[in-house]
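Enquirer: Just structure.pdb, nothing more (PDB, C-alpha atoms):
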ATOM      1  CA  THR A 162     -17.770  -3.220 -17.335
ATOM      2  CA  TRP A 163     -19.490  -3.044 -20.723
ATOM      3  CA  GLN A 164     -20.300   0.609 -20.150
ATOM      4  CA  GLN A 165     -16.754   1.397 -18.977
ATOM      5  CA  GLN A 166     -15.457  -0.077 -22.246
ATOM      6  CA  LYS A 167     -17.802   2.234 -24.214
ATOM      7  CA  GLY A 168     -19.988  -0.598 -25.456
ATOM      8  CA  GLU A 169     -23.228   0.243 -27.207
ATOM      9  CA  PRO A 170     -26.179   0.613 -24.808
ATOM     10  CA  LEU A 171     -27.786  -2.723 -23.977
ATOM     11  CA  ALA A 172     -31.485  -3.283 -24.520
ATOM     12  CA  SER A 173     -33.541  -2.763 -21.367
ATOM     13  CA  LYS A 174     -34.525  -6.186 -20.040
ATOM     14  CA  GLU A 175     -35.331  -7.912 -16.797
ATOM     15  CA  TYR A 176     -31.800  -9.139 -16.138
ATOM     16  CA  PHE A 177     -32.377  -9.523 -12.401
ATOM     17  CA  PRO A 178     -35.592 -11.457 -11.756
ATOM     18  CA  VAL A 179     -36.662 -12.078  -8.156
ATOM     19  CA  LEU A 180     -35.232 -15.416  -6.990
ATOM     20  CA  LEU A 181     -36.352 -17.570  -4.108
ATOM     21  CA  SER A 182     -33.840 -18.555  -1.433
ATOM     22  CA  GLN A 183     -32.467 -22.069  -1.830
ATOM     23  CA  GLY A 184     -30.077 -24.134   0.265
ATOM     24  CA  ASN A 185     -28.412 -23.315   3.565
ATOM     25  CA  GLU A 186     -25.245 -21.555   2.424
ATOM     26  CA  VAL A 187     -24.546 -17.882   1.926
ATOM     27  CA  VAL A 188     -23.212 -17.052  -1.547
ATOM     28  CA  ARG A 189     -21.783 -13.760  -2.752
ATOM     29  CA  ALA A 190     -20.225 -12.746  -6.058
ATOM     30  CA  ILE A 191     -17.151 -10.538  -5.657
ATOM     31  CA  ALA A 192     -15.745  -8.822  -8.724
ATOM     32  CA  SER A 193     -12.732  -6.592  -9.268
ATOM     33  CA  ASN A 194     -11.428  -4.466 -12.104
ATOM     34  CA  PRO A 195      -8.363  -2.288 -12.702
ATOM     35  CA  GLU A 196     -10.388   0.912 -12.278
ATOM     36  CA  GLU A 197     -10.778   0.194  -8.560
ATOM     37  CA  PRO A 198      -8.093   1.278  -6.055
ATOM     38  CA  TYR A 199      -7.657  -2.334  -4.883
ATOM     39  CA  SER A 200      -8.932  -5.839  -5.637
ATOM     40  CA  GLN A 201     -11.927  -6.632  -3.443
ATOM     41  CA  MET A 202     -11.433 -10.357  -3.997
ATOM     42  CA  TYR A 203      -7.781 -10.193  -2.985
ATOM     43  CA  ALA A 204      -8.627  -8.224   0.164
ATOM     44  CA  THR A 205     -11.393 -10.728   0.987
ATOM     45  CA  LEU A 206      -9.071 -13.712   0.507
ATOM     46  CA  LEU A 207      -6.325 -12.140   2.618
ATOM     47  CA  SER A 208      -8.844 -11.494   5.393
ATOM     48  CA  ALA A 209     -10.004 -15.112   5.273
ATOM     49  CA  ILE A 210      -6.435 -16.451   5.412
ATOM     50  CA  ASN A 211      -5.533 -14.103   8.260
ATOM     51  CA  SER A 212      -8.541 -15.437  10.190
ATOM     52  CA  ALA A 213      -7.814 -19.115   9.476
ATOM     53  CA  GLU A 214      -7.617 -21.357  12.521
ATOM     54  CA  SER A 215      -7.243 -24.910  11.197
ATOM     55  CA  GLN A 216      -6.683 -25.048   7.427
ATOM     56  CA  VAL A 217      -5.917 -23.077   4.283
ATOM     57  CA  PHE A 218      -6.216 -25.085   1.057
ATOM     58  CA  LEU A 219      -5.437 -23.103  -2.110
ATOM     59  CA  THR A 220      -5.548 -24.345  -5.697
ATOM     60  CA  ASN A 221      -4.229 -21.924  -8.277
ATOM     61  CA  ALA A 222      -2.921 -22.001 -11.818
ATOM     62  CA  TYR A 223      -0.729 -18.884 -11.599
ATOM     63  CA  PHE A 224       0.877 -18.403  -8.198
ATOM     64  CA  VAL A 225       3.153 -15.369  -7.854
ATOM     65  CA  PRO A 226       2.407 -14.045  -4.347
ATOM     66  CA  ASP A 227       3.058 -10.528  -3.134
ATOM     67  CA  PRO A 228       4.587  -9.885   0.323
ATOM     68  CA  GLN A 229       1.173  -9.651   2.007
ATOM     69  CA  LEU A 230       0.031 -13.038   0.737
ATOM     70  CA  LEU A 231       3.359 -14.645   1.622
ATOM     71  CA  ALA A 232       3.141 -13.258   5.153
ATOM     72  CA  ALA A 233      -0.488 -14.374   5.537
ATOM     73  CA  LEU A 234       0.340 -17.955   4.536
ATOM     74  CA  LYS A 235       3.353 -18.161   6.847
ATOM     75  CA  ASP A 236       1.457 -16.578   9.731
ATOM     76  CA  ALA A 237      -1.357 -19.114   9.301
ATOM     77  CA  VAL A 238       1.171 -21.947   9.698
ATOM     78  CA  SER A 239       2.589 -20.296  12.814
ATOM     79  CA  ARG A 240      -0.928 -20.293  14.299
ATOM     80  CA  GLY A 241      -1.143 -24.048  13.762
ATOM     81  CA  ALA A 242      -3.149 -24.095  10.524
ATOM     82  CA  ASP A 243      -2.544 -26.763   7.882
ATOM     83  CA  VAL A 244      -1.583 -24.684   4.835
ATOM     84  CA  ARG A 245      -1.478 -26.497   1.491
ATOM     85  CA  LEU A 246      -0.917 -25.153  -2.009
ATOM     86  CA  LEU A 247      -1.977 -27.168  -5.056
ATOM     87  CA  LEU A 248      -0.091 -25.774  -8.063
ATOM     88  CA  PRO A 249       0.550 -26.923 -11.652
ATOM     89  CA  GLU A 250       3.322 -29.257 -12.734
ATOM     90  CA  THR A 251       3.167 -27.777 -16.245
ATOM     91  CA  THR A 252       1.992 -24.381 -17.465
ATOM     92  CA  ASP A 253       1.315 -22.264 -20.534
ATOM     93  CA  SER A 254       3.434 -19.410 -19.128
ATOM     94  CA  ASN A 255       7.076 -20.202 -18.414
ATOM     95  CA  LEU A 256       7.702 -16.775 -16.889
ATOM     96  CA  VAL A 257       4.945 -17.246 -14.316
ATOM     97  CA  PHE A 258       5.981 -20.876 -13.801
ATOM     98  CA  TYR A 259       9.569 -20.028 -12.878
ATOM     99  CA  ALA A 260       8.558 -16.958 -10.883
ATOM    100  CA  SER A 261       6.224 -19.194  -8.870
ATOM    101  CA  HIS A 262       9.040 -21.647  -8.211
ATOM    102  CA  SER A 263      11.222 -18.860  -6.841
ATOM    103  CA  TYR A 264       8.971 -18.746  -3.745
ATOM    104  CA  TYR A 265       9.043 -22.472  -2.992
ATOM    105  CA  ASP A 266      12.095 -22.441  -0.724
ATOM    106  CA  GLU A 267      10.722 -19.631   1.446
ATOM    107  CA  LEU A 268       7.299 -21.283   1.743
ATOM    108  CA  LEU A 269       8.596 -24.803   2.352
ATOM    109  CA  SER A 270      10.976 -23.465   5.001
ATOM    110  CA  ALA A 271       7.928 -21.984   6.756
ATOM    111  CA  HIS A 272       6.227 -25.430   6.630
ATOM    112  CA  VAL A 273       3.719 -24.535   3.951
ATOM    113  CA  LYS A 274       2.956 -27.764   2.056
ATOM    114  CA  ILE A 275       3.238 -27.601  -1.733
ATOM    115  CA  TYR A 276       1.804 -30.118  -4.181
ATOM    116  CA  GLU A 277       2.043 -30.143  -7.968
ATOM    117  CA  ARG A 278      -0.825 -31.644  -9.965
ATOM    118  CA  GLN A 279       0.430 -34.365 -12.283
ATOM    119  CA  GLY A 280      -0.808 -35.367 -15.713
ATOM    120  CA  ALA A 281      -3.151 -32.433 -16.376
ATOM    121  CA  MET A 282      -3.156 -28.732 -17.097
ATOM    122  CA  LEU A 283      -4.290 -27.242 -13.800
ATOM    123  CA  HIS A 284      -6.388 -24.131 -14.361
ATOM    124  CA  ALA A 285      -8.586 -24.024 -11.247
ATOM    125  CA  LYS A 286      -8.645 -21.080  -8.851
ATOM    126  CA  THR A 287     -10.181 -22.165  -5.560
ATOM    127  CA  ALA A 288      -9.712 -21.748  -1.820
ATOM    128  CA  LEU A 289     -11.070 -23.488   1.260
ATOM    129  CA  ILE A 290     -10.554 -21.992   4.707
ATOM    130  CA  ASP A 291     -11.410 -23.897   7.908
ATOM    131  CA  GLY A 292     -13.852 -26.108   6.010
ATOM    132  CA  VAL A 293     -16.554 -23.424   5.831
ATOM    133  CA  TRP A 294     -15.236 -20.517   3.701
ATOM    134  CA  SER A 295     -14.870 -21.389   0.025
ATOM    135  CA  THR A 296     -14.304 -19.563  -3.218
ATOM    136  CA  ILE A 297     -14.268 -20.508  -6.894
ATOM    137  CA  GLY A 298     -13.593 -18.041  -9.657
ATOM    138  CA  SER A 299     -11.212 -16.470 -12.119
ATOM    139  CA  THR A 300      -8.824 -14.713  -9.703
ATOM    140  CA  ASN A 301      -5.239 -15.894  -9.906
ATOM    141  CA  LEU A 302      -2.754 -15.377  -7.102
ATOM    142  CA  ASP A 303      -0.422 -13.119  -9.031
ATOM    143  CA  TRP A 304       0.223  -9.401  -9.413
ATOM    144  CA  ARG A 305      -1.486  -9.142 -12.799
ATOM    145  CA  SER A 306      -4.722 -10.608 -11.508
ATOM    146  CA  PHE A 307      -4.694  -8.352  -8.437
ATOM    147  CA  THR A 308      -4.043  -5.087 -10.296
ATOM    148  CA  ASN A 309      -4.789  -5.353 -14.027
ATOM    149  CA  ASN A 310      -7.470  -7.942 -14.714
ATOM    150  CA  GLN A 311     -11.232  -8.105 -14.711
ATOM    151  CA  GLU A 312     -12.016 -10.951 -12.277
ATOM    152  CA  ILE A 313     -15.018 -12.467 -10.540
ATOM    153  CA  ASN A 314     -15.340 -15.089  -7.807
ATOM    154  CA  ALA A 315     -18.167 -16.729  -5.954
ATOM    155  CA  VAL A 316     -17.614 -16.904  -2.188
ATOM    156  CA  MET A 317     -19.595 -19.504  -0.224
ATOM    157  CA  LEU A 318     -20.084 -19.805   3.532
ATOM    158  CA  GLY A 319     -21.276 -23.210   4.670
ATOM    159  CA  GLN A 320     -20.105 -26.621   5.861
ATOM    160  CA  ASP A 321     -21.938 -28.666   3.230
ATOM    161  CA  PHE A 322     -20.307 -26.950   0.296
ATOM    162  CA  GLY A 323     -17.012 -26.818   2.206
ATOM    163  CA  ALA A 324     -17.117 -30.609   2.583
ATOM    164  CA  GLN A 325     -17.545 -30.988  -1.175
ATOM    165  CA  MET A 326     -14.642 -28.642  -1.804
ATOM    166  CA  GLN A 327     -12.432 -30.569   0.605
ATOM    167  CA  ALA A 328     -13.305 -33.884  -1.058
ATOM    168  CA  LEU A 329     -12.329 -32.473  -4.459
ATOM    169  CA  PHE A 330      -9.113 -30.974  -3.087
ATOM    170  CA  GLU A 331      -8.118 -34.258  -1.454
ATOM    171  CA  SER A 332      -8.944 -36.117  -4.665
ATOM    172  CA  ASP A 333      -6.580 -33.825  -6.566
ATOM    173  CA  LEU A 334      -3.870 -34.438  -3.975
ATOM    174  CA  THR A 335      -3.948 -38.162  -4.791
ATOM    175  CA  LEU A 336      -2.973 -37.172  -8.341
ATOM    176  CA  SER A 337      -0.268 -34.785  -7.191
ATOM    177  CA  LYS A 338       3.347 -34.906  -6.069
ATOM    178  CA  GLN A 339       4.321 -33.289  -2.786
ATOM    179  CA  ILE A 340       7.413 -31.095  -3.028
ATOM    180  CA  THR A 341       9.769 -31.437  -0.063
ATOM    181  CA  LEU A 342      12.345 -28.863   0.994
ATOM    182  CA  GLU A 343      15.165 -31.429   0.882
ATOM    183  CA  GLU A 344      14.267 -32.439  -2.661
ATOM    184  CA  TRP A 345      13.707 -28.861  -3.779
ATOM    185  CA  ARG A 346      17.164 -27.751  -2.684
ATOM    186  CA  LYS A 347      18.690 -30.360  -5.007
ATOM    187  CA  ARG A 348      17.423 -28.576  -8.139
ATOM    188  CA  SER A 349      19.976 -27.576 -10.748
ATOM    189  CA  ILE A 350      21.867 -24.298 -10.982
ATOM    190  CA  GLY A 351      20.140 -23.669 -14.294
ATOM    191  CA  ALA A 352      16.708 -23.953 -12.700
ATOM    192  CA  ARG A 353      17.736 -21.588  -9.896
ATOM    193  CA  ILE A 354      18.931 -18.974 -12.407
ATOM    194  CA  LYS A 355      15.664 -19.185 -14.370
ATOM    195  CA  GLN A 356      13.637 -18.847 -11.181
ATOM    196  CA  GLN A 357      15.481 -15.817  -9.862
ATOM    197  CA  SER A 358      15.459 -14.158 -13.286
ATOM    198  CA  ALA A 359      11.700 -14.702 -13.612
ATOM    199  CA  ARG A 360      11.149 -13.317 -10.123
ATOM    200  CA  LEU A 361      12.657  -9.973 -11.191
ATOM    201  CA  TRP A 362       9.779  -9.672 -13.678
ATOM    202  CA  ALA A 363       7.099 -11.123 -11.400
ATOM    203  CA  ARG A 364       5.226  -7.873 -10.943
ATOM    204  CA  PHE A 365       4.954  -7.357 -14.694
TER     205      PHE A 365
END
Mind converting the file's structure to structure tokens?
Expert:
Amino acid sequence: TWQQQKGEPLASKEYFPVLLSQGNEVVRAIASNPEEPYSQMYATLLSAINSAESQVFLTNAYFVPDPQLLAALKDAVSRGADVRLLLPETTDSNLVFYASHSYYDELLSAHVKIYERQGAMLHAKTALIDGVWSTIGSTNLDWRSFTNNQEINAVMLGQDFGAQMQALFESDLTLSKQITLEEWRKRSIGARIKQQSARLWARF
């Protein structure tokens, strides 16, 4: 990335020393940048969701899904998976916030469970699939992150780490409010207008 941005040559050093194997899990770093034809992390996450059998737990600060991600989440529910989204109650980007809300009705109607974290600025980007596939990183679930940003995630395969991730996710749920379809459909006309207007700009 430094070289692509025309940075001055870095001093030659041993940046990659030989490391001994530790622990039982498999860990891989997956990066993406706008020079690539597609986001490797996004493709990896979609593959994991499409293979989910029992659960899909996603925590994300900026959630503006494209059609593929929407379909993957709804298909996972139809296969019997417990699909839960942990999203922010407040945000530093109103456009993204309202664009995100514009997808709630469609997702809730498909029995995707949505929770909003209360009392804190949620900035985490994590996923847990079937208790064994986990990721933590910088990748948001929005168009900008998929196509324009430099991102990097760690992907872990293993039950021990998955159990820790699930414990943290469930802890966050105790501090969150579940959004129900019945309640959501009672939102004001003003909120609906803001959401649909923001959705028009979602890709940008």
Enquirer: Would you tabulate, counting all atoms listed in the file, all residues of range 236-297 of chain A that have an atom at most 10 Å from an atom of range 201-218 of chain A, showing the closest pair of atoms and their distance in Å to one decimal, sorted by chain then ascending number, as JSON lines?
Expert:
{"residue": "A:Asp236", "atom": "CA", "partner": "A:Asn211", "partner_atom": "CA", "distance": 7.6}
{"residue": "A:Ala237", "atom": "CA", "partner": "A:Ala213", "partner_atom": "CA", "distance": 6.5}
{"residue": "A:Val238", "atom": "CA", "partner": "A:Gln216", "partner_atom": "CA", "distance": 8.7}
{"residue": "A:Arg240", "atom": "CA", "partner": "A:Glu214", "partner_atom": "CA", "distance": 7.0}
{"residue": "A:Gly241", "atom": "CA", "partner": "A:Ser215", "partner_atom": "CA", "distance": 6.7}
{"residue": "A:Ala242", "atom": "CA", "partner": "A:Ser215", "partner_atom": "CA", "distance": 4.2}
{"residue": "A:Asp243", "atom": "CA", "partner": "A:Gln216", "partner_atom": "CA", "distance": 4.5}
{"residue": "A:Val244", "atom": "CA", "partner": "A:Val217", "partner_atom": "CA", "distance": 4.7}
{"residue": "A:Arg245", "atom": "CA", "partner": "A:Phe218", "partner_atom": "CA", "distance": 5.0}
{"residue": "A:Leu246", "atom": "CA", "partner": "A:Phe218", "partner_atom": "CA", "distance": 6.1}
{"residue": "A:Leu247", "atom": "CA", "partner": "A:Phe218", "partner_atom": "CA", "distance": 7.7}
{"residue": "A:Val273", "atom": "CA", "partner": "A:Val217", "partner_atom": "CA", "distance": 9.8}
{"residue": "A:Lys274", "atom": "CA", "partner": "A:Phe218", "partner_atom": "CA", "distance": 9.6}
{"residue": "A:Thr287", "atom": "CA", "partner": "A:Phe218", "partner_atom": "CA", "distance": 8.2}
{"residue": "A:Ala288", "atom": "CA", "partner": "A:Phe218", "partner_atom": "CA", "distance": 5.6}
{"residue": "A:Leu289", "atom": "CA", "partner": "A:Phe218", "partner_atom": "CA", "distance": 5.1}
{"residue": "A:Ile290", "atom": "CA", "partner": "A:Val217", "partner_atom": "CA", "distance": 4.8}
{"residue": "A:Asp291", "atom": "CA", "partner": "A:Gln216", "partner_atom": "CA", "distance": 4.9}
{"residue": "A:Gly292", "atom": "CA", "partner": "A:Gln216", "partner_atom": "CA", "distance": 7.4}
{"residue": "A:Trp294", "atom": "CA", "partner": "A:Ala209", "partner_atom": "CA", "distance": 7.7}
{"residue": "A:Ser295", "atom": "CA", "partner": "A:Phe218", "partner_atom": "CA", "distance": 9.5}
{"residue": "A:Thr296", "atom": "CA", "partner": "A:Leu206", "partner_atom": "CA", "distance": 8.7}
Enquirer: Let's have the selection written as a PDB file, keeping the file's coordinate frame, with C-alpha atoms.
Expert:
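That gives us selection.pdb:
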ATOM      1  CA  ASP A 236       1.457 -16.578   9.731  1.00  0.00           C
ATOM      2  CA  ALA A 237      -1.357 -19.114   9.301  1.00  0.00           C
ATOM      3  CA  VAL A 238       1.171 -21.947   9.698  1.00  0.00           C
ATOM      4  CA  ARG A 240      -0.928 -20.293  14.299  1.00  0.00           C
ATOM      5  CA  GLY A 241      -1.143 -24.048  13.762  1.00  0.00           C
ATOM      6  CA  ALA A 242      -3.149 -24.095  10.524  1.00  0.00           C
ATOM      7  CA  ASP A 243      -2.544 -26.763   7.882  1.00  0.00           C
ATOM      8  CA  VAL A 244      -1.583 -24.684   4.835  1.00  0.00           C
ATOM      9  CA  ARG A 245      -1.478 -26.497   1.491  1.00  0.00           C
ATOM     10  CA  LEU A 246      -0.917 -25.153  -2.009  1.00  0.00           C
ATOM     11  CA  LEU A 247      -1.977 -27.168  -5.056  1.00  0.00           C
ATOM     12  CA  VAL A 273       3.719 -24.535   3.951  1.00  0.00           C
ATOM     13  CA  LYS A 274       2.956 -27.764   2.056  1.00  0.00           C
ATOM     14  CA  THR A 287     -10.181 -22.165  -5.560  1.00  0.00           C
ATOM     15  CA  ALA A 288      -9.712 -21.748  -1.820  1.00  0.00           C
ATOM     16  CA  LEU A 289     -11.070 -23.488   1.260  1.00  0.00           C
ATOM     17  CA  ILE A 290     -10.554 -21.992   4.707  1.00  0.00           C
ATOM     18  CA  ASP A 291     -11.410 -23.897   7.908  1.00  0.00           C
ATOM     19  CA  GLY A 292     -13.852 -26.108   6.010  1.00  0.00           C
ATOM     20  CA  TRP A 294     -15.236 -20.517   3.701  1.00  0.00           C
ATOM     21  CA  SER A 295     -14.870 -21.389   0.025  1.00  0.00           C
ATOM     22  CA  THR A 296     -14.304 -19.563  -3.218  1.00  0.00           C
TER      23      THR A 296
END
Enquirer: What separation in Å, quoted to one decimal, exists between CA of Val316 in chain A and CA of Val187 in chain A?
Expert: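 Computed distance, CA of Val316 in chain A to CA of Val187 in chain A, equals 8.1 Å.
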Enquirer: For Asp303 in chain A, work out the shell of residues within 10 Å, counting only C-alpha atoms and skipping chain neighbours fewer than 6 positions away, then give it as a count of residues only.
Expert: 15
Enquirer: With 4 Å of padding per side, what axis-aligned box (centre and edge lengths, Å, one decimal) covers all the listed atoms of range 274-278 of chain A? Give it as lines of an AutoDock Vina configuration file.
Expert:
center_x = 1.2
center_y = -29.6
center_z = -4.0
size_x = 12.1
size_y = 12.0
size_z = 20.0
Enquirer: Name the residues, using the chain letters and numbers of the file, that sit within 12 Å of (-9.3, -2.5, -7.7) when counting only C-alpha atoms, and give them as a PyMOL selection string.
Expert: chain A and resi 191-204+304-313
